[in-house]
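Colleague: For reference, the structure I am asking about is given below.
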Amino acid sequence: MSSHGSILREKIEFIKGVGLNKAKILKSELGVQTVEDLLFIFPFRYADRSEFQLIKDVQDGDTVQLRGEIISITKKKMKRSARLVGSFKDPSGFIELNWFQGAQWLVDKLQPNQTYILNGKVKVYRGVKSISHPELESEQQAIETDPFLPVYSSTEKLNQKGLGIRSRRRIIKNILNRLKPADLIENLPSHFVEKLEICSRYDSLRYIHFPASPGALNLANNRLKFEELFFLQLNMLYNKVQRDKKLKGLIFNTIGTIFNRFYNEKLSFELTNAQKRVIKEIRYDLGRGVQMNRLLQGDVGSGKTIVALMTMLIAIDNNYQTTLLAPTQILAQQHFQSISEMVKGLGVQVAFLSGSVKGKVRKELLSFLKEGHIDILVGTHAILEDNVEFKNLGIAVTDEQHRFGVVQRSKLWVKNDQIPPHILVMTATPIPRTLAMTTYGDLDASVIDELPPGRKQIKTVHRNDSHRSFVVKFMKEEIAKGRQIYVVYPLIDESEKLDLQNLQTGYEELLNYFPRSDYQITVVHGRMKPQDKDIEMQRFVNGTAQIMVATTVIEVGVNVPNASVMIIENAERFGLSQLHQLRGRVGRGADQSFCILITKTQLSKYAKARIDTMCRTNDGFQIAEEDMSLRGPGDITGTQQSGVLELNIASLTEDGRILETARHLAVALLQKDPDLSLLKHKSTLSYLVKMRNKNQKWGRIS
Ligand code: ADP
Ligand code: MG
């Protein structure tokens, strides 16, 4: 049979039990047009045919499955019609069965003294329990044919219009009865099917709707999850192959004096092995003639900045300009200062640009940049503006990538109109591996999975309002040792007055314990003027102030090694990754650091789980995994717009292993056959093309 004749492409209205009206509803409610569309809506659970309720326990409105016998059936004459009334018995009692009109033929088939499985909805009226139009099957037949029944998610409208659960089952049955193995062309390369011992598409579709056993369901699940994740990965990697082919990349094959002098004279510590490995990966990228698009992940404090700087120095050695973008003014300035310091004496020109650089200074800077006199431009979003032109941008680095969008990344591409610059994006928000593979799957990824030596674990404790005097005492002891302290208040929305008030009150309260005569407290929040913010920030950085009261503006990147205590107020209001980021502000020096999470006494289950996780571990990746399982992947920062999370059957939280395998095999496949042009990969390619046409987001190159 040719694939044109496949039942899959038939319009759903031609299927027995559907028709024009129901087809309309299926379209409007579920977006279903063809048989294939409906077949790929999988059950969200199964009713086990060996699990029963007892009649004595059933209540009005319950949908139940009972096991018992039919004791009697009698005809009752009504005014205009006849009604059939039966009595059904199980070990716990009796329930009335009702059939209206014309059900005689159905009832005639029922036999006494035989065990039936009954499905239906219970009604209780004046103390009498009954079920109308029950579904009855002899036990033997039921268990042999369908030990598990599919349960599909439904809507009010579907239920009303005769497309409820039983009718959906019947329609799927009708489709499956006509489905032939040839209708489902194998879309995976044949060696996968053998190697992975997965079942055929045909079997998996039958079993996913009507599994013959738990084992069969498992097989079907595995196959369909693998298939989904494999094509998702294949699509991203295929995009990448095509992109690499189209776009040339600048070639930096000189490791010159600047890089070497920095490495030999300026670098005051030994790089960690992870840092060395990542620099090697980047160097390889830069010599390949293909544009680099690399994601650098590394927990807070793992030393990403130095890697970024050394990457930029390679470009400078090859006579190209570079830029480093940070999401906040504070962070950008800090990068500017530390980078200027690190390259002092190497003849590298570093400049700073943000919205606050205005007028003549800005004008001069922009013309310097265009003439090529600036080697490293550090700054904020302001760099993305159209009038910021480079002479020859070779590398663009963005720090804390999750704060930027995809659009911003692409704006950097056009900053060099000849050949796009190499792109390195860094993030300290650890992303669970599965998410990274799906949202940044088309980027090459490097991970710094090792902290510089000598870092002490940050001790994290949970306290509530009633412990406040202990906390104050502890703060005083630490300050006496010469340490500095952050006190952070949630400011979820920078415009929320109430939150700001919180911070003000907190600050005034602290003044009672830490009088101006003996202590200095600085305040930083997002609604201050940039200049004021800088002054206040500076008082903490240079050690004048012992305490900094702040909002989450300090969340990313701020680096004050002498600050060793992080106190987070209303910690229950923060998400896990935010708590982890904040905690990462301490533990940067040699001293033992502490994080104190202060909450109200009564906590929700989830808030409690978050706080417990923080107290238990310092490992950002573990926290990220936990975060995902608490919140679900859709809520993880920065991934909402990606669209790749609309998975049909696989789950990023549960199917990590399948995803790993799928990615691995997709990589291997494209290595052998980058364009999928071999004959034996024809069906894989055509399925990929089909999915790309169906899903607009799949074709987009990020
Ligand atoms: P992050 O990855 O969070 O951006 P940073 O780049 O700010 O981390 O580095 C944190 C601190 O660790 C900085 O003070 C940096 O100088 C220091 N550092 C980085 N690499 C090393 C290393 N290999 N050995 C010792 N200290 C290092
Ligand atoms: Mg950083």
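We name chains A, B, ... following the order of the structure tokens; residues begin at 1 in each chain, and ligands are numbered from 1 as shown.
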Around ligand 2, which protein and nucleic acid residues have at least one atom no more than 7 Å from it, if we count only C-alpha atoms and all ligand atoms? List them as a ChimeraX atom specification.

Modeller: /A:300-301,304-305,399,557

Colleague: For ligand 1, list the contacting residues at 9 Å or closer, counting only C-alpha atoms and all ligand atoms, as a compact mmCIF listing (two decimals) with C-alpha atoms, in the first residue's frame.

Modeller:
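Saved file pocket28.txt follows:
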```txt
# COMPACT_ATOMS: atom_id res chain seq x y z
CA SER A 268 48.33 35.39 39.91
CA PHE A 269 46.91 31.92 40.35
CA GLU A 270 46.97 28.55 38.67
CA LEU A 271 43.96 27.94 36.44
CA THR A 272 41.78 25.06 37.50
CA ASN A 273 41.73 22.04 35.23
CA ALA A 274 38.20 22.88 34.24
CA GLN A 275 39.23 26.40 33.22
CA GLN A 297 28.18 27.29 32.33
CA GLY A 298 29.84 27.46 35.69
CA ASP A 299 28.58 27.81 39.19
CA VAL A 300 29.00 31.13 40.97
CA GLY A 301 32.62 31.71 41.81
CA SER A 302 33.94 29.08 39.42
CA GLY A 303 36.02 31.69 37.60
CA LYS A 304 34.28 32.37 34.32
CA THR A 305 35.52 35.95 34.02
CA ILE A 306 39.11 34.95 33.58
CA VAL A 307 38.14 32.51 30.85
CA ALA A 308 36.22 35.26 29.09
CA HIS A 335 33.95 43.84 35.17
CA SER A 338 38.72 44.22 37.34
CA ASP A 399 27.70 37.44 31.07
CA GLU A 400 24.66 36.01 32.83
CA MET A 426 28.13 32.69 30.12
CA THR A 427 25.70 31.75 32.80
CA ALA A 428 26.00 31.01 36.47
CA ILE A 448 33.43 24.69 34.56
CA LEU A 451 35.81 25.61 42.01
CA PRO A 452 39.23 27.19 42.55
CA PRO A 453 41.04 25.40 45.36
CA GLY A 454 40.76 26.49 48.97
CA ARG A 455 37.12 27.57 48.87
CA VAL A 556 24.41 38.67 39.77
CA GLY A 557 28.11 38.91 39.64
CA VAL A 558 28.96 41.29 42.48
CA ASN A 559 32.31 40.31 43.92
CA VAL A 560 33.42 41.49 47.38
CA PRO A 561 35.69 38.78 48.75
CA GLY A 584 27.05 32.95 45.73
CA ARG A 585 27.91 36.54 46.68
CA ARG A 588 34.59 34.36 47.61
CA GLY A 589 37.44 34.92 50.03
```

Colleague: Extract, using only C-alpha atoms, all DNA, RNA and protein residues at most 12 Å from region 649-657 of chain A, discarding same-chain residues fewer than 2 positions from it, and format them as a short mmCIF file (atom, residue, chain, number, x, y, z; two decimals) with all heavy atoms, in the first residue's frame.

Modeller:
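selection.cif, written as the output of this step:
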```cif
data_model
loop_
_atom_site.label_atom_id
_atom_site.label_comp_id
_atom_site.auth_asym_id
_atom_site.auth_seq_id
_atom_site.Cartn_x
_atom_site.Cartn_y
_atom_site.Cartn_z
N PHE A 40 -2.03 10.75 17.91
CA PHE A 40 -0.89 11.23 18.68
C PHE A 40 -1.28 12.03 19.92
O PHE A 40 -0.45 12.68 20.54
CB PHE A 40 0.09 11.99 17.79
CG PHE A 40 1.05 11.07 17.09
CD1 PHE A 40 0.66 10.39 15.95
CD2 PHE A 40 2.30 10.81 17.61
CE1 PHE A 40 1.53 9.49 15.32
CE2 PHE A 40 3.17 9.93 17.00
CZ PHE A 40 2.78 9.26 15.85
N ILE A 41 -2.55 11.99 20.26
CA ILE A 41 -2.93 12.50 21.58
C ILE A 41 -3.00 11.28 22.49
O ILE A 41 -3.88 10.43 22.35
CB ILE A 41 -4.29 13.23 21.53
CG1 ILE A 41 -4.16 14.46 20.64
CG2 ILE A 41 -4.71 13.62 22.95
CD1 ILE A 41 -5.45 15.23 20.49
N PHE A 42 -2.03 11.17 23.36
CA PHE A 42 -1.90 9.96 24.16
C PHE A 42 -2.68 10.06 25.47
O PHE A 42 -2.92 11.15 25.96
CB PHE A 42 -0.42 9.70 24.47
CG PHE A 42 0.43 9.56 23.23
CD1 PHE A 42 1.71 10.11 23.20
CD2 PHE A 42 -0.04 8.90 22.11
CE1 PHE A 42 2.50 10.00 22.06
CE2 PHE A 42 0.75 8.78 20.97
CZ PHE A 42 2.02 9.33 20.94
N PRO A 43 -3.05 8.91 26.02
CA PRO A 43 -3.74 8.92 27.31
C PRO A 43 -2.82 9.51 28.38
O PRO A 43 -1.61 9.39 28.28
CB PRO A 43 -3.96 7.43 27.63
CG PRO A 43 -3.71 6.70 26.38
CD PRO A 43 -2.82 7.54 25.53
N PHE A 44 -3.41 10.18 29.38
CA PHE A 44 -2.55 10.66 30.46
C PHE A 44 -2.51 9.67 31.61
O PHE A 44 -1.68 9.76 32.49
CB PHE A 44 -2.94 12.06 30.93
CG PHE A 44 -4.23 12.13 31.69
CD1 PHE A 44 -4.24 12.07 33.07
CD2 PHE A 44 -5.43 12.25 31.00
CE1 PHE A 44 -5.44 12.13 33.76
CE2 PHE A 44 -6.63 12.32 31.69
CZ PHE A 44 -6.64 12.25 33.07
N ARG A 45 -3.46 8.70 31.59
CA ARG A 45 -3.34 7.60 32.52
C ARG A 45 -4.18 6.43 32.00
O ARG A 45 -4.83 6.55 30.96
CB ARG A 45 -3.75 7.99 33.94
CG ARG A 45 -5.21 8.29 34.11
CD ARG A 45 -5.54 8.66 35.56
NE ARG A 45 -6.97 8.82 35.71
CZ ARG A 45 -7.81 7.83 35.99
NH1 ARG A 45 -7.37 6.60 36.15
NH2 ARG A 45 -9.11 8.06 36.08
N ILE A 208 0.33 2.24 23.30
CA ILE A 208 0.21 3.45 24.11
C ILE A 208 -1.27 3.74 24.40
O ILE A 208 -1.62 4.31 25.41
CB ILE A 208 0.90 4.67 23.44
CG1 ILE A 208 1.24 5.74 24.48
CG2 ILE A 208 0.04 5.29 22.35
CD1 ILE A 208 2.35 5.40 25.40
N ALA A 220 6.15 0.86 24.72
CA ALA A 220 5.57 1.92 23.91
C ALA A 220 6.05 3.28 24.39
O ALA A 220 6.46 4.14 23.60
CB ALA A 220 4.05 1.84 23.98
N ASN A 221 6.01 3.48 25.70
CA ASN A 221 6.47 4.73 26.28
C ASN A 221 7.90 5.04 25.89
O ASN A 221 8.22 6.15 25.48
CB ASN A 221 6.40 4.64 27.80
CG ASN A 221 5.19 5.39 28.33
OD1 ASN A 221 4.92 6.50 27.88
ND2 ASN A 221 4.49 4.79 29.27
N ASN A 222 8.74 4.06 26.05
CA ASN A 222 10.15 4.27 25.75
C ASN A 222 10.38 4.65 24.30
O ASN A 222 11.12 5.56 23.99
CB ASN A 222 10.95 3.01 26.07
CG ASN A 222 11.21 2.90 27.55
OD1 ASN A 222 11.08 3.89 28.28
ND2 ASN A 222 11.54 1.71 28.01
N ARG A 223 9.71 3.94 23.43
CA ARG A 223 9.87 4.21 22.01
C ARG A 223 9.41 5.64 21.68
O ARG A 223 10.09 6.40 21.02
CB ARG A 223 9.05 3.21 21.21
CG ARG A 223 8.55 3.69 19.86
CD ARG A 223 9.52 3.37 18.77
NE ARG A 223 9.47 4.39 17.71
CZ ARG A 223 9.99 4.22 16.52
NH1 ARG A 223 10.61 3.09 16.23
NH2 ARG A 223 9.93 5.17 15.62
N LEU A 224 8.23 5.99 22.17
CA LEU A 224 7.66 7.28 21.77
C LEU A 224 8.42 8.45 22.41
O LEU A 224 8.59 9.49 21.81
CB LEU A 224 6.17 7.32 22.12
CG LEU A 224 5.34 6.33 21.28
CD1 LEU A 224 3.95 6.17 21.86
CD2 LEU A 224 5.26 6.79 19.82
N LYS A 225 8.88 8.24 23.63
CA LYS A 225 9.68 9.29 24.28
C LYS A 225 11.00 9.46 23.56
O LYS A 225 11.46 10.56 23.31
CB LYS A 225 9.95 8.92 25.75
CG LYS A 225 8.74 9.11 26.63
CD LYS A 225 9.02 8.63 28.04
CE LYS A 225 7.85 9.01 28.95
NZ LYS A 225 8.16 8.74 30.34
N PHE A 226 11.60 8.34 23.25
CA PHE A 226 12.87 8.42 22.54
C PHE A 226 12.69 9.14 21.21
O PHE A 226 13.44 10.05 20.87
CB PHE A 226 13.46 7.02 22.30
CG PHE A 226 14.74 7.08 21.50
CD1 PHE A 226 15.94 7.35 22.13
CD2 PHE A 226 14.72 6.91 20.12
CE1 PHE A 226 17.12 7.45 21.40
CE2 PHE A 226 15.90 7.02 19.39
CZ PHE A 226 17.10 7.28 20.04
N GLU A 227 11.68 8.74 20.50
CA GLU A 227 11.43 9.33 19.19
C GLU A 227 11.26 10.85 19.30
O GLU A 227 11.83 11.62 18.54
CB GLU A 227 10.17 8.69 18.58
CG GLU A 227 9.79 9.22 17.23
CD GLU A 227 8.54 8.52 16.70
OE1 GLU A 227 8.53 7.28 16.63
OE2 GLU A 227 7.58 9.22 16.37
N GLU A 228 10.47 11.26 20.27
CA GLU A 228 10.23 12.69 20.44
C GLU A 228 11.52 13.44 20.75
O GLU A 228 11.84 14.47 20.14
CB GLU A 228 9.20 12.91 21.55
CG GLU A 228 8.94 14.39 21.81
CD GLU A 228 7.71 14.63 22.67
OE1 GLU A 228 7.55 13.92 23.68
OE2 GLU A 228 6.93 15.53 22.33
N LEU A 229 12.26 12.93 21.72
CA LEU A 229 13.48 13.62 22.14
C LEU A 229 14.56 13.55 21.06
O LEU A 229 15.30 14.50 20.85
CB LEU A 229 13.99 13.04 23.46
CG LEU A 229 13.06 13.31 24.64
CD1 LEU A 229 13.50 12.52 25.87
CD2 LEU A 229 12.99 14.79 24.96
N PHE A 230 14.60 12.43 20.36
CA PHE A 230 15.59 12.29 19.30
C PHE A 230 15.37 13.33 18.21
O PHE A 230 16.29 14.01 17.78
CB PHE A 230 15.56 10.88 18.72
CG PHE A 230 16.45 10.72 17.51
CD1 PHE A 230 17.83 10.63 17.66
CD2 PHE A 230 15.91 10.70 16.24
CE1 PHE A 230 18.65 10.51 16.55
CE2 PHE A 230 16.72 10.58 15.13
CZ PHE A 230 18.10 10.49 15.28
N PHE A 231 14.13 13.47 17.76
CA PHE A 231 13.90 14.42 16.67
C PHE A 231 14.08 15.87 17.13
O PHE A 231 14.48 16.73 16.36
CB PHE A 231 12.55 14.17 16.01
CG PHE A 231 12.63 13.06 15.00
CD1 PHE A 231 12.24 11.77 15.33
CD2 PHE A 231 13.18 13.28 13.75
CE1 PHE A 231 12.37 10.74 14.41
CE2 PHE A 231 13.32 12.26 12.82
CZ PHE A 231 12.91 10.98 13.16
N LEU A 232 13.79 16.11 18.39
CA LEU A 232 14.04 17.45 18.93
C LEU A 232 15.53 17.78 18.87
O LEU A 232 15.95 18.86 18.44
CB LEU A 232 13.57 17.47 20.39
CG LEU A 232 13.43 18.81 21.07
CD1 LEU A 232 12.28 19.57 20.45
CD2 LEU A 232 13.16 18.62 22.55
N ILE A 431 21.77 25.27 34.82
CA ILE A 431 20.57 24.78 34.15
C ILE A 431 20.66 23.26 34.22
O ILE A 431 21.71 22.71 33.94
CB ILE A 431 20.55 25.22 32.69
CG1 ILE A 431 20.72 26.73 32.62
CG2 ILE A 431 19.27 24.80 32.01
CD1 ILE A 431 21.07 27.21 31.23
N PRO A 432 19.57 22.61 34.59
CA PRO A 432 19.64 21.15 34.59
C PRO A 432 20.10 20.68 33.22
O PRO A 432 19.76 21.28 32.20
CB PRO A 432 18.20 20.74 34.85
CG PRO A 432 17.58 21.89 35.53
CD PRO A 432 18.27 23.12 35.00
N ARG A 433 20.86 19.62 33.21
CA ARG A 433 21.43 19.14 31.96
C ARG A 433 20.38 18.96 30.87
O ARG A 433 20.59 19.33 29.73
CB ARG A 433 22.13 17.80 32.21
CG ARG A 433 23.63 17.90 32.18
CD ARG A 433 24.26 16.53 32.13
NE ARG A 433 24.31 15.97 30.78
CZ ARG A 433 25.08 16.44 29.81
NH1 ARG A 433 25.84 17.46 30.01
NH2 ARG A 433 25.08 15.88 28.63
N THR A 434 19.26 18.40 31.28
CA THR A 434 18.24 18.11 30.28
C THR A 434 17.72 19.40 29.64
O THR A 434 17.47 19.45 28.45
CB THR A 434 17.04 17.37 30.90
OG1 THR A 434 16.59 18.10 32.02
CG2 THR A 434 17.43 15.97 31.32
N LEU A 435 17.59 20.43 30.47
CA LEU A 435 17.09 21.69 29.95
C LEU A 435 18.13 22.34 29.06
O LEU A 435 17.81 22.90 28.02
CB LEU A 435 16.81 22.64 31.10
CG LEU A 435 15.37 22.89 31.47
CD1 LEU A 435 15.30 24.08 32.40
CD2 LEU A 435 14.53 23.15 30.24
N ALA A 436 19.38 22.28 29.50
CA ALA A 436 20.44 22.88 28.71
C ALA A 436 20.48 22.24 27.33
O ALA A 436 20.63 22.90 26.32
CB ALA A 436 21.78 22.71 29.41
N MET A 437 20.29 20.93 27.31
CA MET A 437 20.35 20.22 26.04
C MET A 437 19.21 20.60 25.13
O MET A 437 19.32 20.51 23.92
CB MET A 437 20.32 18.71 26.28
CG MET A 437 21.68 18.14 26.55
SD MET A 437 21.61 16.36 26.46
CE MET A 437 20.98 15.97 28.05
N THR A 438 18.08 20.99 25.71
CA THR A 438 16.95 21.31 24.86
C THR A 438 16.86 22.79 24.54
O THR A 438 16.54 23.16 23.42
CB THR A 438 15.63 20.83 25.49
OG1 THR A 438 15.72 21.03 26.88
CG2 THR A 438 15.40 19.39 25.21
N THR A 439 17.18 23.66 25.51
CA THR A 439 17.04 25.09 25.21
C THR A 439 18.27 25.67 24.55
O THR A 439 18.18 26.56 23.73
CB THR A 439 16.75 25.90 26.47
OG1 THR A 439 17.69 25.54 27.46
CG2 THR A 439 15.37 25.65 26.97
N ALA A 624 19.65 23.13 40.77
CA ALA A 624 18.89 23.33 39.54
C ALA A 624 17.96 22.15 39.25
O ALA A 624 16.82 22.33 38.84
CB ALA A 624 19.84 23.55 38.37
N GLU A 625 18.48 20.95 39.50
CA GLU A 625 17.64 19.76 39.27
C GLU A 625 16.44 19.79 40.21
O GLU A 625 15.31 19.52 39.82
CB GLU A 625 18.44 18.47 39.54
CG GLU A 625 19.65 18.26 38.64
CD GLU A 625 19.30 17.89 37.21
OE1 GLU A 625 18.15 17.51 36.96
OE2 GLU A 625 20.19 18.00 36.34
N GLU A 626 16.73 20.13 41.46
CA GLU A 626 15.68 20.20 42.47
C GLU A 626 14.64 21.25 42.08
O GLU A 626 13.45 21.03 42.18
CB GLU A 626 16.32 20.60 43.79
CG GLU A 626 15.53 20.22 45.00
CD GLU A 626 15.99 18.88 45.55
OE1 GLU A 626 17.02 18.33 45.08
OE2 GLU A 626 15.33 18.39 46.45
N ASP A 627 15.13 22.37 41.62
CA ASP A 627 14.28 23.48 41.22
C ASP A 627 13.32 23.02 40.12
O ASP A 627 12.13 23.29 40.15
CB ASP A 627 15.17 24.62 40.70
CG ASP A 627 14.43 25.94 40.69
OD1 ASP A 627 13.41 26.06 41.39
OD2 ASP A 627 14.89 26.86 39.99
N MET A 628 13.88 22.29 39.18
CA MET A 628 13.06 21.85 38.07
C MET A 628 12.00 20.85 38.53
O MET A 628 10.87 20.88 38.07
CB MET A 628 13.91 21.25 36.96
CG MET A 628 13.11 20.93 35.73
SD MET A 628 14.12 20.68 34.27
CE MET A 628 14.54 18.98 34.45
N SER A 629 12.38 19.99 39.48
CA SER A 629 11.38 19.01 39.89
C SER A 629 10.32 19.66 40.79
O SER A 629 9.18 19.21 40.83
CB SER A 629 12.01 17.79 40.55
OG SER A 629 12.58 18.13 41.77
N LEU A 630 10.66 20.74 41.46
CA LEU A 630 9.65 21.44 42.26
C LEU A 630 8.73 22.29 41.40
O LEU A 630 7.54 22.36 41.62
CB LEU A 630 10.32 22.36 43.30
CG LEU A 630 10.93 21.70 44.54
CD1 LEU A 630 11.66 22.73 45.39
CD2 LEU A 630 9.86 21.01 45.37
N ARG A 631 9.32 22.94 40.40
CA ARG A 631 8.54 23.91 39.65
C ARG A 631 8.12 23.44 38.28
O ARG A 631 7.25 24.03 37.65
CB ARG A 631 9.34 25.20 39.46
CG ARG A 631 9.52 25.96 40.75
CD ARG A 631 9.95 27.36 40.44
NE ARG A 631 11.25 27.43 39.82
CZ ARG A 631 11.71 28.51 39.22
NH1 ARG A 631 10.96 29.58 39.13
NH2 ARG A 631 12.91 28.52 38.70
N GLY A 632 8.79 22.41 37.78
CA GLY A 632 8.54 22.00 36.40
C GLY A 632 9.40 22.83 35.49
O GLY A 632 9.71 23.98 35.80
N PRO A 633 9.79 22.27 34.36
CA PRO A 633 10.77 22.92 33.49
C PRO A 633 10.28 24.25 32.92
O PRO A 633 11.08 25.14 32.67
CB PRO A 633 11.01 21.91 32.39
CG PRO A 633 9.89 20.94 32.47
CD PRO A 633 9.39 20.96 33.88
N GLY A 634 8.97 24.39 32.76
CA GLY A 634 8.46 25.58 32.10
C GLY A 634 8.75 26.87 32.85
O GLY A 634 8.75 27.94 32.27
N ILE A 636 11.49 27.54 34.71
CA ILE A 636 12.88 27.88 34.93
C ILE A 636 13.25 29.11 34.11
O ILE A 636 12.92 29.20 32.94
CB ILE A 636 13.80 26.69 34.55
CG1 ILE A 636 13.37 25.44 35.30
CG2 ILE A 636 15.26 27.03 34.79
CD1 ILE A 636 13.88 25.30 36.70
N VAL A 644 10.59 24.82 22.99
CA VAL A 644 10.95 23.42 22.86
C VAL A 644 10.37 22.60 24.00
O VAL A 644 10.50 21.39 24.02
CB VAL A 644 12.46 23.19 22.86
CG1 VAL A 644 13.08 23.78 21.62
CG2 VAL A 644 13.09 23.77 24.10
N LEU A 645 9.74 23.29 24.95
CA LEU A 645 9.28 22.55 26.11
C LEU A 645 7.89 21.98 25.92
O LEU A 645 7.37 21.30 26.78
CB LEU A 645 9.32 23.45 27.33
CG LEU A 645 10.75 23.84 27.69
CD1 LEU A 645 10.77 24.91 28.74
CD2 LEU A 645 11.51 22.62 28.16
N GLU A 646 7.30 22.24 24.77
CA GLU A 646 5.96 21.71 24.55
C GLU A 646 6.07 20.26 24.12
O GLU A 646 5.81 19.90 22.99
CB GLU A 646 5.24 22.55 23.51
CG GLU A 646 4.95 23.95 24.00
CD GLU A 646 4.97 24.98 22.89
OE1 GLU A 646 4.79 24.60 21.72
OE2 GLU A 646 5.19 26.16 23.20
N LEU A 647 6.49 19.43 25.03
CA LEU A 647 6.69 18.03 24.70
C LEU A 647 5.37 17.28 24.78
O LEU A 647 4.51 17.58 25.59
CB LEU A 647 7.70 17.42 25.66
CG LEU A 647 9.11 17.99 25.56
CD1 LEU A 647 9.98 17.45 26.68
CD2 LEU A 647 9.72 17.68 24.21
N LEU A 659 16.94 11.19 27.09
CA LEU A 659 17.40 12.38 26.38
C LEU A 659 18.90 12.31 26.08
O LEU A 659 19.34 12.64 24.98
CB LEU A 659 17.07 13.63 27.20
CG LEU A 659 17.56 14.97 26.65
CD1 LEU A 659 17.00 15.23 25.26
CD2 LEU A 659 17.15 16.11 27.58
N GLU A 660 19.66 11.84 27.06
CA GLU A 660 21.11 11.71 26.85
C GLU A 660 21.38 10.79 25.66
O GLU A 660 22.18 11.10 24.78
CB GLU A 660 21.79 11.10 28.08
CG GLU A 660 21.70 11.94 29.34
CD GLU A 660 22.89 12.85 29.54
OE1 GLU A 660 23.82 12.81 28.71
OE2 GLU A 660 22.88 13.62 30.52
N THR A 661 20.70 9.66 25.67
CA THR A 661 20.89 8.70 24.58
C THR A 661 20.48 9.32 23.25
O THR A 661 21.19 9.19 22.25
CB THR A 661 20.03 7.44 24.83
OG1 THR A 661 20.25 7.01 26.17
CG2 THR A 661 20.39 6.34 23.87
N ALA A 662 19.34 10.00 23.26
CA ALA A 662 18.84 10.58 22.02
C ALA A 662 19.83 11.60 21.47
O ALA A 662 20.12 11.62 20.27
CB ALA A 662 17.49 11.24 22.28
N ARG A 663 20.35 12.43 22.36
CA ARG A 663 21.30 13.45 21.90
C ARG A 663 22.56 12.80 21.34
O ARG A 663 23.05 13.15 20.28
CB ARG A 663 21.66 14.40 23.02
CG ARG A 663 22.68 15.45 22.57
CD ARG A 663 22.73 16.63 23.49
NE ARG A 663 23.71 17.60 23.05
CZ ARG A 663 23.43 18.68 22.33
NH1 ARG A 663 22.19 18.90 21.96
NH2 ARG A 663 24.36 19.52 21.97
N HIS A 664 23.06 11.85 22.09
CA HIS A 664 24.26 11.15 21.71
C HIS A 664 24.12 10.53 20.30
O HIS A 664 24.99 10.68 19.45
CB HIS A 664 24.50 10.06 22.76
CG HIS A 664 25.73 9.27 22.54
ND1 HIS A 664 26.97 9.77 22.82
CD2 HIS A 664 25.90 8.02 22.06
CE1 HIS A 664 27.87 8.86 22.52
NE2 HIS A 664 27.25 7.79 22.07
#
```

Colleague: For Ile419 (chain A), list every protein, DNA or RNA residue within 8 Å, evaluated using only C-alpha atoms, and leave out those in the same chain fewer than 6 positions away; present the list as a list in words.

Modeller: Leu247, Lys248, Gly249 and Leu250 of chain A

Colleague: Just the selected residues (N, CA, C and O atoms), exported as a CSV table (one decimal), in the first residue's frame, please.

Modeller:
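Printed below is part-v3.csv as written:
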```
chain,number,residue,atom,x,y,z
A,247,LEU,N,27.6,30.0,7.5
A,247,LEU,CA,28.4,31.2,8.1
A,247,LEU,C,29.8,30.9,8.2
A,247,LEU,O,30.2,30.0,8.9
A,248,LYS,N,30.6,31.7,7.6
A,248,LYS,CA,32.0,31.6,7.9
A,248,LYS,C,32.4,32.2,9.2
A,248,LYS,O,31.7,33.0,9.8
A,249,GLY,N,33.5,31.8,9.8
A,249,GLY,CA,33.9,32.3,11.1
A,249,GLY,C,35.3,32.9,10.9
A,249,GLY,O,36.1,32.4,10.1
A,250,LEU,N,35.6,33.9,11.7
A,250,LEU,CA,36.9,34.5,11.8
A,250,LEU,C,37.9,33.5,12.3
A,250,LEU,O,37.5,32.7,13.2
```

Colleague: Counting only C-alpha atoms, which residues of region 232-331 of chain A fall within 9 Å of region 374-382 of chain A, and what is the closest atom pair for each with its distance in Å at one decimal, ordered by chain and rising number, as a Markdown table?

Modeller:
```
| residue | atom | partner | partner_atom | distance |
| --- | --- | --- | --- | --- |
| A:Met312 | CA | A:Ile376 | CA | 7.7 |
| A:Leu313 | CA | A:Asp375 | CA | 8.9 |
| A:Ile316 | CA | A:Asp375 | CA | 6.5 |
| A:Asn319 | CA | A:Asp375 | CA | 8.6 |
| A:Tyr320 | CA | A:Asp375 | CA | 7.3 |
| A:Gln321 | CA | A:Asp375 | CA | 4.7 |
| A:Thr322 | CA | A:Ile376 | CA | 4.9 |
| A:Thr323 | CA | A:Leu377 | CA | 4.6 |
| A:Leu324 | CA | A:Val378 | CA | 4.8 |
| A:Leu325 | CA | A:Gly379 | CA | 5.2 |
| A:Ala326 | CA | A:Thr380 | CA | 5.2 |
| A:Pro327 | CA | A:Thr380 | CA | 5.8 |
| A:Thr328 | CA | A:Thr380 | CA | 6.3 |
| A:Gln329 | CA | A:Thr380 | CA | 6.3 |
| A:Leu331 | CA | A:Thr380 | CA | 8.7 |
```

Colleague: To one decimal in Å, tell me the separation between CA of Ser204 (chain A) and CA of Lys27 (chain A).

Modeller: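 Between these atoms lies a distance of 24.6 Å.
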
Colleague: Quick check for you: according to DSSP on this backbone, which residues of region 170-225 of chain A are classed as alpha helix (DSSP H)? Reply as a PyMOL selection string.

Modeller: chain A and resi 170-178+190-196+201-209+214-225

Colleague: For Met548 (chain A), work out the shell of residues within 7 Å, counting only C-alpha atoms and skipping chain neighbours fewer than 3 positions away, then give it as a VMD selection string.

Modeller: chain A and resid 485 to 487 521 to 523 540
